[in-house]
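Below is one structure, written out as structure tokens; the observations come after it.
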Amino acid sequence: MSEVTYAPSELRRARYAVAAVFAVHGAVTGSFATRVPWIQDHASVGAGRLGFALAFTAFGAACAMPLASRITHRFGSRSALRGLLALWTIALVLPSLAPNMLTLCLAMFVYGATAGMADVAMNALGVEVEQRLDKSIMSGLHGMWSAGALVGSAGGTLAAHLGTDARLHHVLAAAALTVLGLLACRWVLDLRPTEDEEAPPRFTLPPRSALLIGAVGFCAVFAEGASLDWSAVYLEDHLGTSAGLAAACTTGFMLTMAVARIVGDAVVNRFGTVRTVRTGGVLATAGGLLIVVADHPVAAMGGFGMMGLGIAVVVPLCFAAAGHSGPNPSQAIAGVATITYTSGLIAPSLIGGVAQATSLMVSFGVVTVLAFGLVLFAGVLRGGERTSVKVGPPDAAVPGPRS
């Protein structure tokens with residue numbers, strides 16, 4: 001990208017603008033996640049088939065994410081983000097319109113493709129603003145994502161409690177979020193490539209240094225993806241709760257994630273990367289065990305809350321460690337992002353497959369085992385220890401396949 005000098009006021013405005021974009025992106029996710037049970041009933045699919053349909057989110061993202069960097073290279077960061085974010089907000093409507101398995105798979109493919117491309121573009125801009133400000137802002141940006149997801153899930157909880165048709169709910173939400181996203185994009189940085197800058201490659205393999213770090217991130221993001229998309233289904237199907245209370249569980253999970261990310265920088269600066277991740281792993285494992293053994297909705301909701309607190313800052317710290325793991329920090333960070341984002345996308349479908357073969361309780365037993373992996377392998381992140389740790393979002397990225 002071309003080097004342009006920005007006034008401090010312009011950088012502050014760009015920071016707030018990209019924060020608003022993160023919030024809009026999160027609100028789409030929250031609006032969708034709380035209505036998964038409605039979408040499942042409307043399409044008349046069981047847990048296994050729902051998991052298979054959710055896998056198309058991963059397929060769509062994997063196919064489309066490499067295009068985001070090329071789109072940004074061609075049109076500039078502002079125009080690219082404006083278009084990609086609008087596609088993502090509008091795609092919220094598609095899953096609730098699907099009347100059967102085939103159309104649900106197609107809808108989830110488009111939903112995943114637009115989600116991945118918008119995610120790449122907004123995180124790349126977040127990194128650019130952070131570099132120009134010369135201070136950590138990614139933790140705050142992801143806090144805004146969580147806040148947006150919380151607002152979206154709260155709206156979904158209310159809609160589910162009132163018995164509102166998800167099609168109407170998502171049309172109204174998509175319209176509002178599209179307008180807000182377009183307004184926010186007016187003030188993001190408009191970065192453009194230099195004349196001699198080559199277009200980014202379509203795909204690059206993660207370096208070896210990123211694999212172990214990415215495996216730690218895999219455990220955390222798998223737990224996040226499973227909890228986000230299946231917590232409401234778990235309470236409604238396994239514990240027999242109402243749709244409103246089930247949706248509230250997803251909202252609570254997002255709330256704990258948001259709180260943990262807001263205070264994440266302070267905790268890491270005080271206790272260090274390895275100790276923070278190891279303690280978070282213990283908390284997440286305890287939460288997973290509580291979910292598995294719970295016979296009352298309140299206990300299960302508490303377990304999901306503990307899970308959220310435990311995993312919230314793990315992947316951001318994986319990015320910090322990747323940046324210190326080799327001679328090419330950007331490539332290492334992109335590799336970790338690829339691994340962790342893939343984890344988040346495949347988790348819902350794998351949970352559905354295990355649930356179909358056994359039960360949802362067994363599925364979250366698998367999640368608990370992966371959470372314990374954070375306790376065992378937190379030492380891998382020791383290379384990310386430093387005086388001031390930059391904490392970014394789980395889906396934070398730099399331009400690349402999942403970057």
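Residues are named by chain letter and number: chains run A, B, ... in the order of the structure tokens, numbers start at 1 in each chain, and ligands are numbered from 1 in the order shown.
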
Contacts of A:Val28 at 10 Å or less, counting only C-alpha atoms, minus same-chain residues fewer than 5 places along, as a ChimeraX atom specification?
-> /A:23,33,88-93,115,145,148-149,151-153,170,173-174,177-178

Considering only C-alpha atoms, return as a tab-separated table (two decimals) with N, CA and C atoms, in the first residue's frame whatever protein or nucleic-acid residues lie within 9 Å of A:Leu360, sequence-local ones (same chain, fewer than 3 positions apart) excluded.
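Contents of result-v6.tsv, freshly written:
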chain	number	residue	atom	x	y	z
A	47	ALA	N	-29.97	-32.36	13.71
A	47	ALA	CA	-28.68	-31.83	14.14
A	47	ALA	C	-27.57	-32.16	13.14
A	230	TRP	N	-24.03	-23.40	18.69
A	230	TRP	CA	-24.75	-24.55	19.24
A	230	TRP	C	-25.25	-24.37	20.67
A	233	VAL	N	-29.05	-24.24	20.62
A	233	VAL	CA	-29.59	-25.56	20.28
A	233	VAL	C	-29.40	-26.52	21.45
A	234	TYR	N	-28.26	-26.43	22.13
A	234	TYR	CA	-27.98	-27.32	23.26
A	234	TYR	C	-29.03	-27.14	24.36
A	237	ASP	N	-32.68	-28.24	22.79
A	237	ASP	CA	-32.87	-29.66	22.47
A	237	ASP	C	-32.47	-30.59	23.61
A	238	HIS	N	-31.35	-30.30	24.25
A	238	HIS	CA	-30.83	-31.21	25.27
A	238	HIS	C	-31.47	-30.99	26.64
A	292	VAL	N	-21.36	-30.19	30.21
A	292	VAL	CA	-21.62	-31.61	29.96
A	292	VAL	C	-22.46	-32.25	31.06
A	351	ILE	N	-19.46	-30.41	15.28
A	351	ILE	CA	-20.32	-30.60	16.45
A	351	ILE	C	-21.62	-31.27	16.03
A	352	GLY	N	-22.16	-30.84	14.91
A	352	GLY	CA	-23.39	-31.45	14.41
A	352	GLY	C	-23.20	-32.90	14.03
A	354	VAL	N	-20.91	-35.04	15.24
A	354	VAL	CA	-20.76	-35.84	16.45
A	354	VAL	C	-22.10	-36.00	17.16
A	355	ALA	N	-22.88	-34.92	17.17
A	355	ALA	CA	-24.21	-34.98	17.81
A	355	ALA	C	-25.12	-35.98	17.12
A	356	GLN	N	-25.03	-36.03	15.80
A	356	GLN	CA	-25.86	-36.96	15.04
A	356	GLN	C	-25.47	-38.41	15.36
A	363	SER	N	-20.68	-34.09	22.09
A	363	SER	CA	-20.05	-33.06	21.28
A	363	SER	C	-19.32	-32.05	22.15
A	364	PHE	N	-19.97	-31.61	23.22
A	364	PHE	CA	-19.32	-30.63	24.08
A	364	PHE	C	-18.28	-31.27	24.99
A	365	GLY	N	-18.31	-32.58	25.11
A	365	GLY	CA	-17.19	-33.27	25.73
A	365	GLY	C	-15.94	-33.12	24.89

Atomic separation - atom CA of A:Val120 relative to atom CA of A:Cys63, Å =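 Between atom CA of A:Cys63 and atom CA of A:Val120 the gap is 13.0 Å.
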
Of the candidates A:Val313, A:Leu245, A:Leu376, A:Ala223, which shows the shortest atom-to-atom distance to A:Val263, using only C-alpha atoms?
->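 Under the stated criterion, the closest residue is A:Val313.
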
Restricting the calculation to only C-alpha atoms, which member of A:Thr72, A:Thr256, A:Ser146, A:Ser77 is positioned closest to A:Ala19?
->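 For A:Ala19, the nearest of the candidates is A:Ser146.
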
Please provide as a ChimeraX atom specification all residues within 9 Å of A:Ala371, with the sequence filter that same-chain residues fewer than 3 positions apart are discarded (counting only C-alpha atoms).
-> /A:219-220,222-223,280-285,288,307,310-311,366-368,374-375

Could the residues in this selection be written to a file with all heavy atoms, as a compact mmCIF listing (two decimals), in the first residue's frame?
# COMPACT_ATOMS: atom_id res chain seq x y z
N CYS A 219 -7.69 -24.72 19.10
CA CYS A 219 -8.47 -25.19 20.26
C CYS A 219 -9.43 -24.11 20.75
O CYS A 219 -10.60 -24.39 21.05
CB CYS A 219 -7.52 -25.58 21.39
SG CYS A 219 -6.46 -27.00 21.03
N ALA A 220 -8.94 -22.87 20.84
CA ALA A 220 -9.78 -21.79 21.36
C ALA A 220 -10.91 -21.44 20.41
O ALA A 220 -12.07 -21.27 20.82
CB ALA A 220 -8.92 -20.57 21.64
N PHE A 222 -12.21 -23.26 18.03
CA PHE A 222 -13.16 -24.37 17.92
C PHE A 222 -14.20 -24.26 19.04
O PHE A 222 -15.41 -24.40 18.79
CB PHE A 222 -12.43 -25.71 18.03
CG PHE A 222 -13.28 -26.90 17.68
CD1 PHE A 222 -13.22 -27.46 16.41
CD2 PHE A 222 -14.15 -27.45 18.61
CE1 PHE A 222 -14.01 -28.56 16.07
CE2 PHE A 222 -14.94 -28.55 18.29
CZ PHE A 222 -14.87 -29.10 17.02
N ALA A 223 -13.74 -23.99 20.26
CA ALA A 223 -14.67 -23.84 21.38
C ALA A 223 -15.59 -22.65 21.17
O ALA A 223 -16.78 -22.70 21.49
CB ALA A 223 -13.89 -23.69 22.68
N GLY A 280 -6.74 -19.30 31.49
CA GLY A 280 -7.95 -19.32 30.68
C GLY A 280 -8.34 -20.72 30.27
O GLY A 280 -9.53 -21.06 30.24
N GLY A 281 -7.34 -21.56 29.98
CA GLY A 281 -7.63 -22.94 29.63
C GLY A 281 -8.27 -23.71 30.77
O GLY A 281 -9.20 -24.51 30.56
N VAL A 282 -7.79 -23.47 31.99
CA VAL A 282 -8.40 -24.11 33.16
C VAL A 282 -9.85 -23.68 33.31
O VAL A 282 -10.75 -24.50 33.56
CB VAL A 282 -7.59 -23.76 34.44
CG1 VAL A 282 -8.33 -24.23 35.69
CG2 VAL A 282 -6.20 -24.39 34.39
N LEU A 283 -10.09 -22.37 33.16
CA LEU A 283 -11.45 -21.85 33.29
C LEU A 283 -12.37 -22.41 32.21
O LEU A 283 -13.51 -22.81 32.48
CB LEU A 283 -11.42 -20.33 33.23
CG LEU A 283 -12.72 -19.58 33.52
CD1 LEU A 283 -13.22 -19.89 34.92
CD2 LEU A 283 -12.51 -18.08 33.34
N ALA A 284 -11.86 -22.46 30.96
CA ALA A 284 -12.67 -22.98 29.86
C ALA A 284 -12.96 -24.47 30.03
O ALA A 284 -14.07 -24.94 29.74
CB ALA A 284 -11.96 -22.74 28.53
N THR A 285 -11.98 -25.23 30.52
CA THR A 285 -12.18 -26.66 30.75
C THR A 285 -13.23 -26.90 31.82
O THR A 285 -14.11 -27.76 31.68
CB THR A 285 -10.85 -27.33 31.16
OG1 THR A 285 -9.88 -27.12 30.14
CG2 THR A 285 -11.05 -28.83 31.38
N GLY A 288 -16.56 -26.24 30.31
CA GLY A 288 -16.99 -27.34 29.46
C GLY A 288 -17.52 -28.51 30.27
O GLY A 288 -18.54 -29.12 29.91
N MET A 307 -16.67 -20.70 29.68
CA MET A 307 -15.97 -21.02 28.44
C MET A 307 -15.58 -19.73 27.72
O MET A 307 -14.45 -19.57 27.24
CB MET A 307 -16.87 -21.87 27.55
CG MET A 307 -16.25 -22.32 26.24
SD MET A 307 -15.11 -23.71 26.41
CE MET A 307 -16.29 -25.04 26.73
N GLY A 310 -12.70 -17.95 29.41
CA GLY A 310 -11.43 -18.66 29.31
C GLY A 310 -10.75 -18.55 27.97
O GLY A 310 -9.51 -18.52 27.90
N ILE A 311 -11.52 -18.48 26.89
CA ILE A 311 -10.91 -18.53 25.56
C ILE A 311 -10.79 -17.16 24.88
O ILE A 311 -10.19 -17.05 23.82
CB ILE A 311 -11.72 -19.46 24.63
CG1 ILE A 311 -13.14 -18.91 24.40
CG2 ILE A 311 -11.77 -20.87 25.20
CD1 ILE A 311 -13.98 -19.73 23.44
N VAL A 366 -16.08 -33.19 23.56
CA VAL A 366 -14.96 -32.97 22.65
C VAL A 366 -14.43 -31.55 22.80
O VAL A 366 -13.21 -31.32 22.84
CB VAL A 366 -15.39 -33.24 21.20
CG1 VAL A 366 -14.26 -32.87 20.23
CG2 VAL A 366 -15.79 -34.70 21.02
N VAL A 367 -15.33 -30.58 22.88
CA VAL A 367 -14.94 -29.19 23.07
C VAL A 367 -14.13 -29.02 24.35
O VAL A 367 -13.13 -28.31 24.40
CB VAL A 367 -16.18 -28.27 23.08
CG1 VAL A 367 -15.79 -26.83 23.44
CG2 VAL A 367 -16.88 -28.30 21.73
N THR A 368 -14.56 -29.71 25.41
CA THR A 368 -13.88 -29.63 26.70
C THR A 368 -12.45 -30.17 26.61
O THR A 368 -11.52 -29.60 27.19
CB THR A 368 -14.67 -30.40 27.77
OG1 THR A 368 -16.01 -29.88 27.84
CG2 THR A 368 -14.02 -30.30 29.13
N LEU A 374 -5.36 -26.05 25.84
CA LEU A 374 -4.78 -24.74 26.12
C LEU A 374 -3.89 -24.80 27.36
O LEU A 374 -2.88 -24.11 27.43
CB LEU A 374 -5.90 -23.71 26.33
CG LEU A 374 -6.84 -23.48 25.15
CD1 LEU A 374 -7.95 -22.51 25.54
CD2 LEU A 374 -6.07 -22.95 23.94
N VAL A 375 -4.29 -25.60 28.34
CA VAL A 375 -3.50 -25.75 29.56
C VAL A 375 -2.17 -26.45 29.24
O VAL A 375 -1.10 -26.05 29.71
CB VAL A 375 -4.28 -26.55 30.62
CG1 VAL A 375 -3.45 -26.70 31.90
CG2 VAL A 375 -5.62 -25.88 30.92

Find the spatial neighbours of stretch 184-188 of chain A, counting only C-alpha atoms, within a cut-off of 8 Å - ignore same-chain residues fewer than 6 positions away - and output them as a list in words.
->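 Residues meeting the cut-off are Arg13, Ala14, Arg15, Ala17, Val18, Ala20, Val21, Arg78, Leu81, Arg82 and Leu125 of chain A.
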
Deliver the residues from the most recent selection as a file, using N, CA and C atoms, as a JSON list (two decimals), in the first residue's frame.
[["chain", "number", "residue", "atom", "x", "y", "z"],
["A", 13, "ARG", "N", -10.30, 9.50, 13.68],
["A", 13, "ARG", "CA", -11.58, 9.29, 13.00],
["A", 13, "ARG", "C", -11.60, 7.93, 12.31],
["A", 14, "ALA", "N", -10.49, 7.56, 11.68],
["A", 14, "ALA", "CA", -10.41, 6.26, 11.01],
["A", 14, "ALA", "C", -10.51, 5.12, 12.02],
["A", 15, "ARG", "N", -9.92, 5.32, 13.19],
["A", 15, "ARG", "CA", -9.99, 4.30, 14.24],
["A", 15, "ARG", "C", -11.43, 4.08, 14.67],
["A", 17, "ALA", "N", -14.08, 4.78, 12.98],
["A", 17, "ALA", "CA", -14.85, 4.26, 11.85],
["A", 17, "ALA", "C", -14.68, 2.75, 11.71],
["A", 18, "VAL", "N", -13.43, 2.28, 11.79],
["A", 18, "VAL", "CA", -13.21, 0.84, 11.64],
["A", 18, "VAL", "C", -13.76, 0.10, 12.86],
["A", 20, "ALA", "N", -16.53, 0.93, 14.31],
["A", 20, "ALA", "CA", -17.95, 0.81, 13.99],
["A", 20, "ALA", "C", -18.19, -0.32, 12.99],
["A", 21, "VAL", "N", -17.25, -0.48, 12.05],
["A", 21, "VAL", "CA", -17.37, -1.57, 11.08],
["A", 21, "VAL", "C", -17.29, -2.92, 11.80],
["A", 78, "ARG", "N", -11.07, 1.53, 1.07],
["A", 78, "ARG", "CA", -12.38, 2.06, 1.46],
["A", 78, "ARG", "C", -13.50, 1.50, 0.59],
["A", 81, "LEU", "N", -13.97, -2.30, 1.24],
["A", 81, "LEU", "CA", -14.65, -2.60, 2.50],
["A", 81, "LEU", "C", -16.13, -2.23, 2.42],
["A", 82, "ARG", "N", -16.43, -1.10, 1.79],
["A", 82, "ARG", "CA", -17.83, -0.69, 1.65],
["A", 82, "ARG", "C", -18.65, -1.76, 0.92],
["A", 125, "LEU", "N", -7.53, -3.37, 7.51],
["A", 125, "LEU", "CA", -7.59, -1.93, 7.80],
["A", 125, "LEU", "C", -7.29, -1.65, 9.26]]

Do a neighbour search on A:Gly60 at 9 Å with only C-alpha atoms, toss out local chain neighbours closer than 5 positions, and write the hits as an mmCIF file with N, CA, C and O atoms, in the first residue's frame.
data_model
loop_
_atom_site.group_PDB
_atom_site.id
_atom_site.type_symbol
_atom_site.label_atom_id
_atom_site.label_comp_id
_atom_site.auth_asym_id
_atom_site.auth_seq_id
_atom_site.Cartn_x
_atom_site.Cartn_y
_atom_site.Cartn_z
ATOM 1 N N ALA A 55 -21.410 -26.404 7.481
ATOM 2 C CA ALA A 55 -20.081 -26.611 6.902
ATOM 3 C C ALA A 55 -19.904 -25.806 5.621
ATOM 4 O O ALA A 55 -18.781 -25.443 5.251
ATOM 5 N N MET A 65 -12.276 -15.948 0.501
ATOM 6 C CA MET A 65 -11.346 -15.087 1.251
ATOM 7 C C MET A 65 -10.130 -14.632 0.457
ATOM 8 O O MET A 65 -9.730 -13.468 0.571
ATOM 9 N N MET A 108 -25.858 -20.846 3.154
ATOM 10 C CA MET A 108 -24.719 -20.812 4.057
ATOM 11 C C MET A 108 -23.405 -20.618 3.302
ATOM 12 O O MET A 108 -22.457 -20.028 3.819
ATOM 13 N N PHE A 109 -23.339 -21.122 2.069
ATOM 14 C CA PHE A 109 -22.147 -20.904 1.255
ATOM 15 C C PHE A 109 -21.956 -19.410 0.992
ATOM 16 O O PHE A 109 -20.857 -18.864 1.173
ATOM 17 N N VAL A 110 -23.008 -18.735 0.579
ATOM 18 C CA VAL A 110 -22.927 -17.296 0.309
ATOM 19 C C VAL A 110 -22.659 -16.523 1.600
ATOM 20 O O VAL A 110 -21.864 -15.572 1.630
ATOM 21 N N TYR A 111 -23.334 -16.940 2.666
ATOM 22 C CA TYR A 111 -23.148 -16.311 3.972
ATOM 23 C C TYR A 111 -21.677 -16.394 4.403
ATOM 24 O O TYR A 111 -21.081 -15.399 4.838
ATOM 25 N N GLY A 112 -21.061 -17.566 4.247
ATOM 26 C CA GLY A 112 -19.662 -17.723 4.619
ATOM 27 C C GLY A 112 -18.726 -16.948 3.715
ATOM 28 O O GLY A 112 -17.743 -16.367 4.179
ATOM 29 N N ALA A 113 -19.017 -16.934 2.416
ATOM 30 C CA ALA A 113 -18.153 -16.223 1.472
ATOM 31 C C ALA A 113 -18.115 -14.731 1.771
ATOM 32 O O ALA A 113 -17.043 -14.116 1.818
ATOM 33 N N THR A 114 -19.277 -14.139 1.981
ATOM 34 C CA THR A 114 -19.321 -12.705 2.255
ATOM 35 C C THR A 114 -18.741 -12.386 3.632
ATOM 36 O O THR A 114 -18.082 -11.356 3.817
ATOM 37 N N ALA A 115 -18.962 -13.280 4.612
ATOM 38 C CA ALA A 115 -18.397 -13.071 5.944
ATOM 39 C C ALA A 115 -16.876 -13.043 5.892
ATOM 40 O O ALA A 115 -16.228 -12.165 6.469
ATOM 41 N N GLY A 116 -16.287 -14.021 5.197
ATOM 42 C CA GLY A 116 -14.837 -14.113 5.133
ATOM 43 C C GLY A 116 -14.204 -12.928 4.431
ATOM 44 O O GLY A 116 -13.195 -12.387 4.893
#

Distance atom CA of A:Leu255-atom CA of A:His142, one decimal place?
->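 It comes out at 12.6 Å.
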
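One finds atom CA of A:Leu211 at 25.0 Å from atom CA of A:Met257.
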
From a DSSP pass on the backbone, collect the residues of stretch 5-219 of chain A flagged as alpha helix (DSSP H) and hand them back as a count of residues only.
-> 173

Any idea what's packed within 6 Å of A:Gly143, counting only C-alpha atoms, ignoring anything in its chain fewer than 6 positions away? Could you give it as a PDB file with N, CA, C and O atoms, in the first residue's frame?
ATOM      1  N   ALA A 258     -17.008 -10.463  25.412  1.00  0.00           N
ATOM      2  CA  ALA A 258     -16.784  -9.029  25.268  1.00  0.00           C
ATOM      3  C   ALA A 258     -16.055  -8.463  26.481  1.00  0.00           C
ATOM      4  O   ALA A 258     -15.101  -7.683  26.348  1.00  0.00           O
ATOM      5  N   ARG A 261     -12.374  -9.476  26.544  1.00  0.00           N
ATOM      6  CA  ARG A 261     -11.553  -8.813  25.543  1.00  0.00           C
ATOM      7  C   ARG A 261     -11.299  -7.355  25.897  1.00  0.00           C
ATOM      8  O   ARG A 261     -10.236  -6.804  25.584  1.00  0.00           O
ATOM      9  N   ILE A 262     -12.249  -6.727  26.540  1.00  0.00           N
ATOM     10  CA  ILE A 262     -12.063  -5.339  26.927  1.00  0.00           C
ATOM     11  C   ILE A 262     -10.932  -5.198  27.939  1.00  0.00           C
ATOM     12  O   ILE A 262     -10.140  -4.255  27.898  1.00  0.00           O
TER      13      ILE A 262
END

Near A:Gly302, counting only C-alpha atoms, which residues have an atom at most 12 Å away, once you skip same-chain residues fewer than 4 positions from it, shown as a list in words?
->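 Skipping anything fewer than 4 positions along the chain leaves Ser231, Leu235, Ala248, Cys249, Thr250, Gly252, Phe253, Leu255, Thr256, Leu283, Ala284, Ala286, Gly287, Gly288, Leu289, Leu290, Ile291, Val292, Val293, Ala294, His296, Pro297, Val298, Met306, Met307, Gly308 and Leu309 of chain A.
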
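Of the listed residues (A:Leu67, A:Leu87, A:Ala121, A:Leu50), A:Ala121 comes nearest to A:Asp190; the distances count only C-alpha atoms.
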
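Counting only C-alpha atoms and comparing A:Val314, A:Ala243, A:Ala159, A:Leu104, the residue that lies closest to A:Asp265 is A:Val314.
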
Looking at only C-alpha atoms, which of A:Ala300, A:Ala215, A:Leu189, A:Val268 is the one that sits closest to A:Gly76?
-> A:Leu189

Using only C-alpha atoms, which of A:Ser349, A:Thr276, A:Asn100, A:Ser242 sits nearest A:Leu162?
->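 Looking only at the distances to A:Leu162, the closest residue turns out to be A:Ser242.
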